[in-house]
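S.K.: Take a look at model_33.tsv, TSV, N, CA, C and O atoms:
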chain	number	residue	atom	x	y	z
A	1	MET	N	0.82	-1.20	0.00
A	1	MET	CA	0.00	0.00	0.00
A	1	MET	C	0.86	1.26	0.00
A	1	MET	O	0.48	2.25	-0.62
A	2	GLY	N	2.01	1.20	0.64
A	2	GLY	CA	2.91	2.34	0.69
A	2	GLY	C	3.40	2.75	-0.69
A	2	GLY	O	3.58	3.92	-0.98
A	3	PHE	N	3.60	1.73	-1.54
A	3	PHE	CA	4.06	2.01	-2.91
A	3	PHE	C	3.04	2.85	-3.66
A	3	PHE	O	3.39	3.80	-4.35
A	4	PHE	N	1.75	2.49	-3.51
A	4	PHE	CA	0.70	3.23	-4.21
A	4	PHE	C	0.61	4.66	-3.71
A	4	PHE	O	0.43	5.58	-4.50
A	5	THR	N	0.78	4.85	-2.41
A	5	THR	CA	0.74	6.19	-1.85
A	5	THR	C	1.87	7.04	-2.42
A	5	THR	O	1.67	8.19	-2.81
A	6	THR	N	3.05	6.45	-2.49
A	6	THR	CA	4.21	7.16	-3.05
A	6	THR	C	3.99	7.47	-4.54
A	6	THR	O	4.28	8.57	-5.00
A	7	ALA	N	3.47	6.50	-5.27
A	7	ALA	CA	3.23	6.69	-6.71
A	7	ALA	C	2.20	7.79	-6.94
A	7	ALA	O	2.38	8.64	-7.82
A	8	ILE	N	1.13	7.80	-6.14
A	8	ILE	CA	0.10	8.82	-6.30
A	8	ILE	C	0.65	10.20	-5.96
A	8	ILE	O	0.38	11.18	-6.66
A	9	THR	N	1.45	10.28	-4.90
A	9	THR	CA	2.06	11.56	-4.53
A	9	THR	C	2.96	12.06	-5.64
A	9	THR	O	2.95	13.25	-5.99
A	10	THR	N	3.75	11.17	-6.22
A	10	THR	CA	4.64	11.55	-7.32
A	10	THR	C	3.84	12.03	-8.53
A	10	THR	O	4.20	13.04	-9.15
A	11	LEU	N	2.77	11.33	-8.85
A	11	LEU	CA	1.93	11.73	-9.98
A	11	LEU	C	1.29	13.10	-9.75
A	11	LEU	O	1.24	13.92	-10.66
A	12	LYS	N	0.82	13.33	-8.53
A	12	LYS	CA	0.24	14.63	-8.21
A	12	LYS	C	1.26	15.75	-8.40
A	12	LYS	O	0.95	16.79	-8.96
A	13	THR	N	2.48	15.51	-7.93
A	13	THR	CA	3.54	16.50	-8.07
A	13	THR	C	3.82	16.76	-9.55
A	13	THR	O	3.97	17.91	-9.98
A	14	LEU	N	3.88	15.70	-10.33
A	14	LEU	CA	4.16	15.80	-11.76
A	14	LEU	C	3.06	16.59	-12.47
A	14	LEU	O	3.34	17.50	-13.26
A	15	VAL	N	1.81	16.27	-12.17
A	15	VAL	CA	0.68	16.96	-12.80
A	15	VAL	C	0.67	18.43	-12.42
A	15	VAL	O	0.45	19.31	-13.27
A	16	CYS	N	0.96	18.73	-11.15
A	16	CYS	CA	1.00	20.13	-10.71
A	16	CYS	C	2.12	20.89	-11.41
A	16	CYS	O	1.95	22.03	-11.83
A	17	ALA	N	3.28	20.24	-11.57
A	17	ALA	CA	4.42	20.89	-12.23
A	17	ALA	C	4.09	21.17	-13.70
A	17	ALA	O	4.37	22.25	-14.21
A	18	ILE	N	3.49	20.20	-14.37
A	18	ILE	CA	3.12	20.39	-15.78
A	18	ILE	C	2.08	21.49	-15.91
A	18	ILE	O	2.17	22.35	-16.79
A	19	GLY	N	1.10	21.49	-15.02
A	19	GLY	CA	0.06	22.51	-15.04
A	19	GLY	C	0.63	23.90	-14.83
A	19	GLY	O	0.26	24.85	-15.52
A	20	ALA	N	1.55	24.02	-13.87
A	20	ALA	CA	2.17	25.32	-13.61
A	20	ALA	C	3.00	25.77	-14.81
A	20	ALA	O	2.99	26.95	-15.16
A	21	GLY	N	3.69	24.85	-15.44
A	21	GLY	CA	4.49	25.17	-16.62
A	21	GLY	C	3.61	25.66	-17.76
A	21	GLY	O	3.93	26.65	-18.42
A	22	LEU	N	2.50	24.98	-17.97
A	22	LEU	CA	1.58	25.40	-19.03
A	22	LEU	C	0.97	26.76	-18.72
A	22	LEU	O	0.81	27.59	-19.63
A	23	ALA	N	0.64	26.99	-17.47
A	23	ALA	CA	0.06	28.28	-17.08
A	23	ALA	C	1.06	29.41	-17.32
A	23	ALA	O	0.71	30.45	-17.86
A	24	ALA	N	2.31	29.18	-16.93
A	24	ALA	CA	3.34	30.20	-17.12
A	24	ALA	C	3.54	30.47	-18.62
A	24	ALA	O	3.67	31.62	-19.05
A	25	TRP	N	3.57	29.40	-19.42
A	25	TRP	CA	3.74	29.54	-20.86
A	25	TRP	C	2.58	30.34	-21.46
A	25	TRP	O	2.79	31.21	-22.31
A	26	GLY	N	1.36	30.08	-20.99
A	26	GLY	CA	0.20	30.81	-21.48
A	26	GLY	C	0.26	32.28	-21.13
A	26	GLY	O	-0.05	33.13	-21.96
A	27	VAL	N	0.68	32.59	-19.90
A	27	VAL	CA	0.79	33.99	-19.48
A	27	VAL	C	1.85	34.71	-20.30
A	27	VAL	O	1.65	35.84	-20.75
A	28	ILE	N	2.98	34.06	-20.53
A	28	ILE	CA	4.05	34.67	-21.32
A	28	ILE	C	3.57	34.94	-22.74
A	28	ILE	O	3.80	36.03	-23.29
A	29	ASN	N	2.87	33.98	-23.34
A	29	ASN	CA	2.34	34.18	-24.70
A	29	ASN	C	1.32	35.31	-24.72
A	29	ASN	O	1.28	36.10	-25.67
A	30	LEU	N	0.51	35.40	-23.69
A	30	LEU	CA	-0.48	36.46	-23.61
A	30	LEU	C	0.19	37.83	-23.53
A	30	LEU	O	-0.18	38.76	-24.24
A	31	LEU	N	1.22	37.91	-22.68
A	31	LEU	CA	1.93	39.19	-22.54
A	31	LEU	C	2.66	39.56	-23.82
A	31	LEU	O	2.69	40.73	-24.20
A	32	GLU	N	3.22	38.57	-24.51
A	32	GLU	CA	3.89	38.85	-25.79
A	32	GLU	C	2.87	39.35	-26.80
A	32	GLU	O	3.16	40.24	-27.59
A	33	GLY	N	1.67	38.78	-26.78
A	33	GLY	CA	0.61	39.21	-27.69
A	33	GLY	C	0.23	40.65	-27.44
A	33	GLY	O	0.03	41.43	-28.37
A	34	TYR	N	0.13	41.04	-26.17
A	34	TYR	CA	-0.21	42.42	-25.84
A	34	TYR	C	0.92	43.38	-26.18
A	34	TYR	O	0.70	44.54	-26.42
A	35	GLY	N	2.14	42.87	-26.21
A	35	GLY	CA	3.30	43.71	-26.52
A	35	GLY	C	3.39	44.04	-27.99
A	35	GLY	O	4.03	45.01	-28.37
A	36	ASN	N	2.75	43.25	-28.83
A	36	ASN	CA	2.79	43.49	-30.28
A	36	ASN	C	1.75	44.52	-30.68
A	36	ASN	O	0.64	44.54	-30.16
A	37	ASP	N	2.10	45.36	-31.64
A	37	ASP	CA	1.16	46.37	-32.13
A	37	ASP	C	0.09	45.73	-33.00
A	37	ASP	O	-1.07	46.07	-32.93
A	38	ASN	N	0.51	44.80	-33.87
A	38	ASN	CA	-0.43	44.17	-34.79
A	38	ASN	C	-0.65	42.72	-34.38
A	38	ASN	O	0.14	41.85	-34.71
A	39	ARG	N	-1.73	42.47	-33.67
A	39	ARG	CA	-2.00	41.11	-33.18
A	39	ARG	C	-2.76	40.27	-34.20
A	39	ARG	O	-2.90	39.09	-34.02
A	40	ALA	N	-3.27	40.89	-35.25
A	40	ALA	CA	-4.09	40.17	-36.22
A	40	ALA	C	-3.25	39.13	-36.99
A	40	ALA	O	-3.74	38.08	-37.34
A	41	THR	N	-1.98	39.43	-37.23
A	41	THR	CA	-1.14	38.53	-38.01
A	41	THR	C	-0.37	37.55	-37.14
A	41	THR	O	0.36	36.73	-37.64
A	42	ARG	N	-0.54	37.63	-35.82
A	42	ARG	CA	0.18	36.74	-34.92
A	42	ARG	C	-0.36	35.32	-35.04
A	42	ARG	O	-1.56	35.09	-35.02
A	43	SER	N	0.54	34.36	-35.21
A	43	SER	CA	0.10	32.96	-35.35
A	43	SER	C	0.42	32.17	-34.12
A	43	SER	O	1.22	32.57	-33.31
Would you give me this structure, written as structure tokens?
M.R.:
Amino acid sequence: MGFFTTAITTLKTLVCAIGAGLAAWGVINLLEGYGNDNRATRS
């Protein structure tokens, strides 16, 4: 049972880290978009 607890804790940490990374990436892209004068051509 201890193994499963450790595995679940590790997975939670991994998911939180990935989520935080994606959130930071999204914020950076958003800020870059606002920094551009012409956002219509941004891909």
S.K.: Looking only at the backbone, which of the residues in chain A does DSSP tag as alpha helix (DSSP H), as a PDB file with N, CA, C and O atoms, in the coordinates of the input?
M.R.:
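This went into part22.pdb:
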ATOM      1  N   GLY A   2       2.010   1.200   0.640  1.00  0.00           N
ATOM      2  CA  GLY A   2       2.910   2.340   0.690  1.00  0.00           C
ATOM      3  C   GLY A   2       3.400   2.750  -0.690  1.00  0.00           C
ATOM      4  O   GLY A   2       3.580   3.920  -0.980  1.00  0.00           O
ATOM      5  N   PHE A   3       3.600   1.730  -1.540  1.00  0.00           N
ATOM      6  CA  PHE A   3       4.060   2.010  -2.910  1.00  0.00           C
ATOM      7  C   PHE A   3       3.040   2.850  -3.660  1.00  0.00           C
ATOM      8  O   PHE A   3       3.390   3.800  -4.350  1.00  0.00           O
ATOM      9  N   PHE A   4       1.750   2.490  -3.510  1.00  0.00           N
ATOM     10  CA  PHE A   4       0.700   3.230  -4.210  1.00  0.00           C
ATOM     11  C   PHE A   4       0.610   4.660  -3.710  1.00  0.00           C
ATOM     12  O   PHE A   4       0.430   5.580  -4.500  1.00  0.00           O
ATOM     13  N   THR A   5       0.780   4.850  -2.410  1.00  0.00           N
ATOM     14  CA  THR A   5       0.740   6.190  -1.850  1.00  0.00           C
ATOM     15  C   THR A   5       1.870   7.040  -2.420  1.00  0.00           C
ATOM     16  O   THR A   5       1.670   8.190  -2.810  1.00  0.00           O
ATOM     17  N   THR A   6       3.050   6.450  -2.490  1.00  0.00           N
ATOM     18  CA  THR A   6       4.210   7.160  -3.050  1.00  0.00           C
ATOM     19  C   THR A   6       3.990   7.470  -4.540  1.00  0.00           C
ATOM     20  O   THR A   6       4.280   8.570  -5.000  1.00  0.00           O
ATOM     21  N   ALA A   7       3.470   6.500  -5.270  1.00  0.00           N
ATOM     22  CA  ALA A   7       3.230   6.690  -6.710  1.00  0.00           C
ATOM     23  C   ALA A   7       2.200   7.790  -6.940  1.00  0.00           C
ATOM     24  O   ALA A   7       2.380   8.640  -7.820  1.00  0.00           O
ATOM     25  N   ILE A   8       1.130   7.800  -6.140  1.00  0.00           N
ATOM     26  CA  ILE A   8       0.100   8.820  -6.300  1.00  0.00           C
ATOM     27  C   ILE A   8       0.650  10.200  -5.960  1.00  0.00           C
ATOM     28  O   ILE A   8       0.380  11.180  -6.660  1.00  0.00           O
ATOM     29  N   THR A   9       1.450  10.280  -4.900  1.00  0.00           N
ATOM     30  CA  THR A   9       2.060  11.560  -4.530  1.00  0.00           C
ATOM     31  C   THR A   9       2.960  12.060  -5.640  1.00  0.00           C
ATOM     32  O   THR A   9       2.950  13.250  -5.990  1.00  0.00           O
ATOM     33  N   THR A  10       3.750  11.170  -6.220  1.00  0.00           N
ATOM     34  CA  THR A  10       4.640  11.550  -7.320  1.00  0.00           C
ATOM     35  C   THR A  10       3.840  12.030  -8.530  1.00  0.00           C
ATOM     36  O   THR A  10       4.200  13.040  -9.150  1.00  0.00           O
ATOM     37  N   LEU A  11       2.770  11.330  -8.850  1.00  0.00           N
ATOM     38  CA  LEU A  11       1.930  11.730  -9.980  1.00  0.00           C
ATOM     39  C   LEU A  11       1.290  13.100  -9.750  1.00  0.00           C
ATOM     40  O   LEU A  11       1.240  13.920 -10.660  1.00  0.00           O
ATOM     41  N   LYS A  12       0.820  13.330  -8.530  1.00  0.00           N
ATOM     42  CA  LYS A  12       0.240  14.630  -8.210  1.00  0.00           C
ATOM     43  C   LYS A  12       1.260  15.750  -8.400  1.00  0.00           C
ATOM     44  O   LYS A  12       0.950  16.790  -8.960  1.00  0.00           O
ATOM     45  N   THR A  13       2.480  15.510  -7.930  1.00  0.00           N
ATOM     46  CA  THR A  13       3.540  16.500  -8.070  1.00  0.00           C
ATOM     47  C   THR A  13       3.820  16.760  -9.550  1.00  0.00           C
ATOM     48  O   THR A  13       3.970  17.910  -9.980  1.00  0.00           O
ATOM     49  N   LEU A  14       3.880  15.700 -10.330  1.00  0.00           N
ATOM     50  CA  LEU A  14       4.160  15.800 -11.760  1.00  0.00           C
ATOM     51  C   LEU A  14       3.060  16.590 -12.470  1.00  0.00           C
ATOM     52  O   LEU A  14       3.340  17.500 -13.260  1.00  0.00           O
ATOM     53  N   VAL A  15       1.810  16.270 -12.170  1.00  0.00           N
ATOM     54  CA  VAL A  15       0.680  16.960 -12.800  1.00  0.00           C
ATOM     55  C   VAL A  15       0.670  18.430 -12.420  1.00  0.00           C
ATOM     56  O   VAL A  15       0.450  19.310 -13.270  1.00  0.00           O
ATOM     57  N   CYS A  16       0.960  18.730 -11.150  1.00  0.00           N
ATOM     58  CA  CYS A  16       1.000  20.130 -10.710  1.00  0.00           C
ATOM     59  C   CYS A  16       2.120  20.890 -11.410  1.00  0.00           C
ATOM     60  O   CYS A  16       1.950  22.030 -11.830  1.00  0.00           O
ATOM     61  N   ALA A  17       3.280  20.240 -11.570  1.00  0.00           N
ATOM     62  CA  ALA A  17       4.420  20.890 -12.230  1.00  0.00           C
ATOM     63  C   ALA A  17       4.090  21.170 -13.700  1.00  0.00           C
ATOM     64  O   ALA A  17       4.370  22.250 -14.210  1.00  0.00           O
ATOM     65  N   ILE A  18       3.490  20.200 -14.370  1.00  0.00           N
ATOM     66  CA  ILE A  18       3.120  20.390 -15.780  1.00  0.00           C
ATOM     67  C   ILE A  18       2.080  21.490 -15.910  1.00  0.00           C
ATOM     68  O   ILE A  18       2.170  22.350 -16.790  1.00  0.00           O
ATOM     69  N   GLY A  19       1.100  21.490 -15.020  1.00  0.00           N
ATOM     70  CA  GLY A  19       0.060  22.510 -15.040  1.00  0.00           C
ATOM     71  C   GLY A  19       0.630  23.900 -14.830  1.00  0.00           C
ATOM     72  O   GLY A  19       0.260  24.850 -15.520  1.00  0.00           O
ATOM     73  N   ALA A  20       1.550  24.020 -13.870  1.00  0.00           N
ATOM     74  CA  ALA A  20       2.170  25.320 -13.610  1.00  0.00           C
ATOM     75  C   ALA A  20       3.000  25.770 -14.810  1.00  0.00           C
ATOM     76  O   ALA A  20       2.990  26.950 -15.160  1.00  0.00           O
ATOM     77  N   GLY A  21       3.690  24.850 -15.440  1.00  0.00           N
ATOM     78  CA  GLY A  21       4.490  25.170 -16.620  1.00  0.00           C
ATOM     79  C   GLY A  21       3.610  25.660 -17.760  1.00  0.00           C
ATOM     80  O   GLY A  21       3.930  26.650 -18.420  1.00  0.00           O
ATOM     81  N   LEU A  22       2.500  24.980 -17.970  1.00  0.00           N
ATOM     82  CA  LEU A  22       1.580  25.400 -19.030  1.00  0.00           C
ATOM     83  C   LEU A  22       0.970  26.760 -18.720  1.00  0.00           C
ATOM     84  O   LEU A  22       0.810  27.590 -19.630  1.00  0.00           O
ATOM     85  N   ALA A  23       0.640  26.990 -17.470  1.00  0.00           N
ATOM     86  CA  ALA A  23       0.060  28.280 -17.080  1.00  0.00           C
ATOM     87  C   ALA A  23       1.060  29.410 -17.320  1.00  0.00           C
ATOM     88  O   ALA A  23       0.710  30.450 -17.860  1.00  0.00           O
ATOM     89  N   ALA A  24       2.310  29.180 -16.930  1.00  0.00           N
ATOM     90  CA  ALA A  24       3.340  30.200 -17.120  1.00  0.00           C
ATOM     91  C   ALA A  24       3.540  30.470 -18.620  1.00  0.00           C
ATOM     92  O   ALA A  24       3.670  31.620 -19.050  1.00  0.00           O
ATOM     93  N   TRP A  25       3.570  29.400 -19.420  1.00  0.00           N
ATOM     94  CA  TRP A  25       3.740  29.540 -20.860  1.00  0.00           C
ATOM     95  C   TRP A  25       2.580  30.340 -21.460  1.00  0.00           C
ATOM     96  O   TRP A  25       2.790  31.210 -22.310  1.00  0.00           O
ATOM     97  N   GLY A  26       1.360  30.080 -20.990  1.00  0.00           N
ATOM     98  CA  GLY A  26       0.200  30.810 -21.480  1.00  0.00           C
ATOM     99  C   GLY A  26       0.260  32.280 -21.130  1.00  0.00           C
ATOM    100  O   GLY A  26      -0.050  33.130 -21.960  1.00  0.00           O
ATOM    101  N   VAL A  27       0.680  32.590 -19.900  1.00  0.00           N
ATOM    102  CA  VAL A  27       0.790  33.990 -19.480  1.00  0.00           C
ATOM    103  C   VAL A  27       1.850  34.710 -20.300  1.00  0.00           C
ATOM    104  O   VAL A  27       1.650  35.840 -20.750  1.00  0.00           O
ATOM    105  N   ILE A  28       2.980  34.060 -20.530  1.00  0.00           N
ATOM    106  CA  ILE A  28       4.050  34.670 -21.320  1.00  0.00           C
ATOM    107  C   ILE A  28       3.570  34.940 -22.740  1.00  0.00           C
ATOM    108  O   ILE A  28       3.800  36.030 -23.290  1.00  0.00           O
ATOM    109  N   ASN A  29       2.870  33.980 -23.340  1.00  0.00           N
ATOM    110  CA  ASN A  29       2.340  34.180 -24.700  1.00  0.00           C
ATOM    111  C   ASN A  29       1.320  35.310 -24.720  1.00  0.00           C
ATOM    112  O   ASN A  29       1.280  36.100 -25.670  1.00  0.00           O
ATOM    113  N   LEU A  30       0.510  35.400 -23.690  1.00  0.00           N
ATOM    114  CA  LEU A  30      -0.480  36.460 -23.610  1.00  0.00           C
ATOM    115  C   LEU A  30       0.190  37.830 -23.530  1.00  0.00           C
ATOM    116  O   LEU A  30      -0.180  38.760 -24.240  1.00  0.00           O
ATOM    117  N   LEU A  31       1.220  37.910 -22.680  1.00  0.00           N
ATOM    118  CA  LEU A  31       1.930  39.190 -22.540  1.00  0.00           C
ATOM    119  C   LEU A  31       2.660  39.560 -23.820  1.00  0.00           C
ATOM    120  O   LEU A  31       2.690  40.730 -24.200  1.00  0.00           O
ATOM    121  N   GLU A  32       3.220  38.570 -24.510  1.00  0.00           N
ATOM    122  CA  GLU A  32       3.890  38.850 -25.790  1.00  0.00           C
ATOM    123  C   GLU A  32       2.870  39.350 -26.800  1.00  0.00           C
ATOM    124  O   GLU A  32       3.160  40.240 -27.590  1.00  0.00           O
ATOM    125  N   GLY A  33       1.670  38.780 -26.780  1.00  0.00           N
ATOM    126  CA  GLY A  33       0.610  39.210 -27.690  1.00  0.00           C
ATOM    127  C   GLY A  33       0.230  40.650 -27.440  1.00  0.00           C
ATOM    128  O   GLY A  33       0.030  41.430 -28.370  1.00  0.00           O
ATOM    129  N   TYR A  34       0.130  41.040 -26.170  1.00  0.00           N
ATOM    130  CA  TYR A  34      -0.210  42.420 -25.840  1.00  0.00           C
ATOM    131  C   TYR A  34       0.920  43.380 -26.180  1.00  0.00           C
ATOM    132  O   TYR A  34       0.700  44.540 -26.420  1.00  0.00           O
ATOM    133  N   GLY A  35       2.140  42.870 -26.210  1.00  0.00           N
ATOM    134  CA  GLY A  35       3.300  43.710 -26.520  1.00  0.00           C
ATOM    135  C   GLY A  35       3.390  44.040 -27.990  1.00  0.00           C
ATOM    136  O   GLY A  35       4.030  45.010 -28.370  1.00  0.00           O
TER     137      GLY A  35
END
S.K.: What is the atom C of Phe4 in chain A-atom C of Ile18 in chain A distance in Å, reported with one decimal?
M.R.: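 Going from atom C of Phe4 in chain A over to atom C of Ile18 in chain A, I get 20.8 Å.
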S.K.: As AutoDock Vina command-line options, please: the centre and edge lengths in Å, to one decimal, of an axis-aligned box enclosing every listed atom of range 14-26 of chain A with 5 Å added on each side.
M.R.:
--center_x 2.2 --center_y 24.4 --center_z -16.3 --size_x 14.5 --size_y 27.4 --size_z 22.0
S.K.: Could you tell me how far atom O of Gly2 in chain A sits from atom N of Val15 in chain A, in Å to one decimal place?
M.R.: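 The value is 16.8 Å.
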S.K.: Tell me, in Å to one decimal, how far atom C of Trp25 in chain A is from atom C of Thr6 in chain A.
M.R.: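 Atom-to-atom, atom C of Trp25 in chain A to atom C of Thr6 in chain A, that is 28.5 Å.
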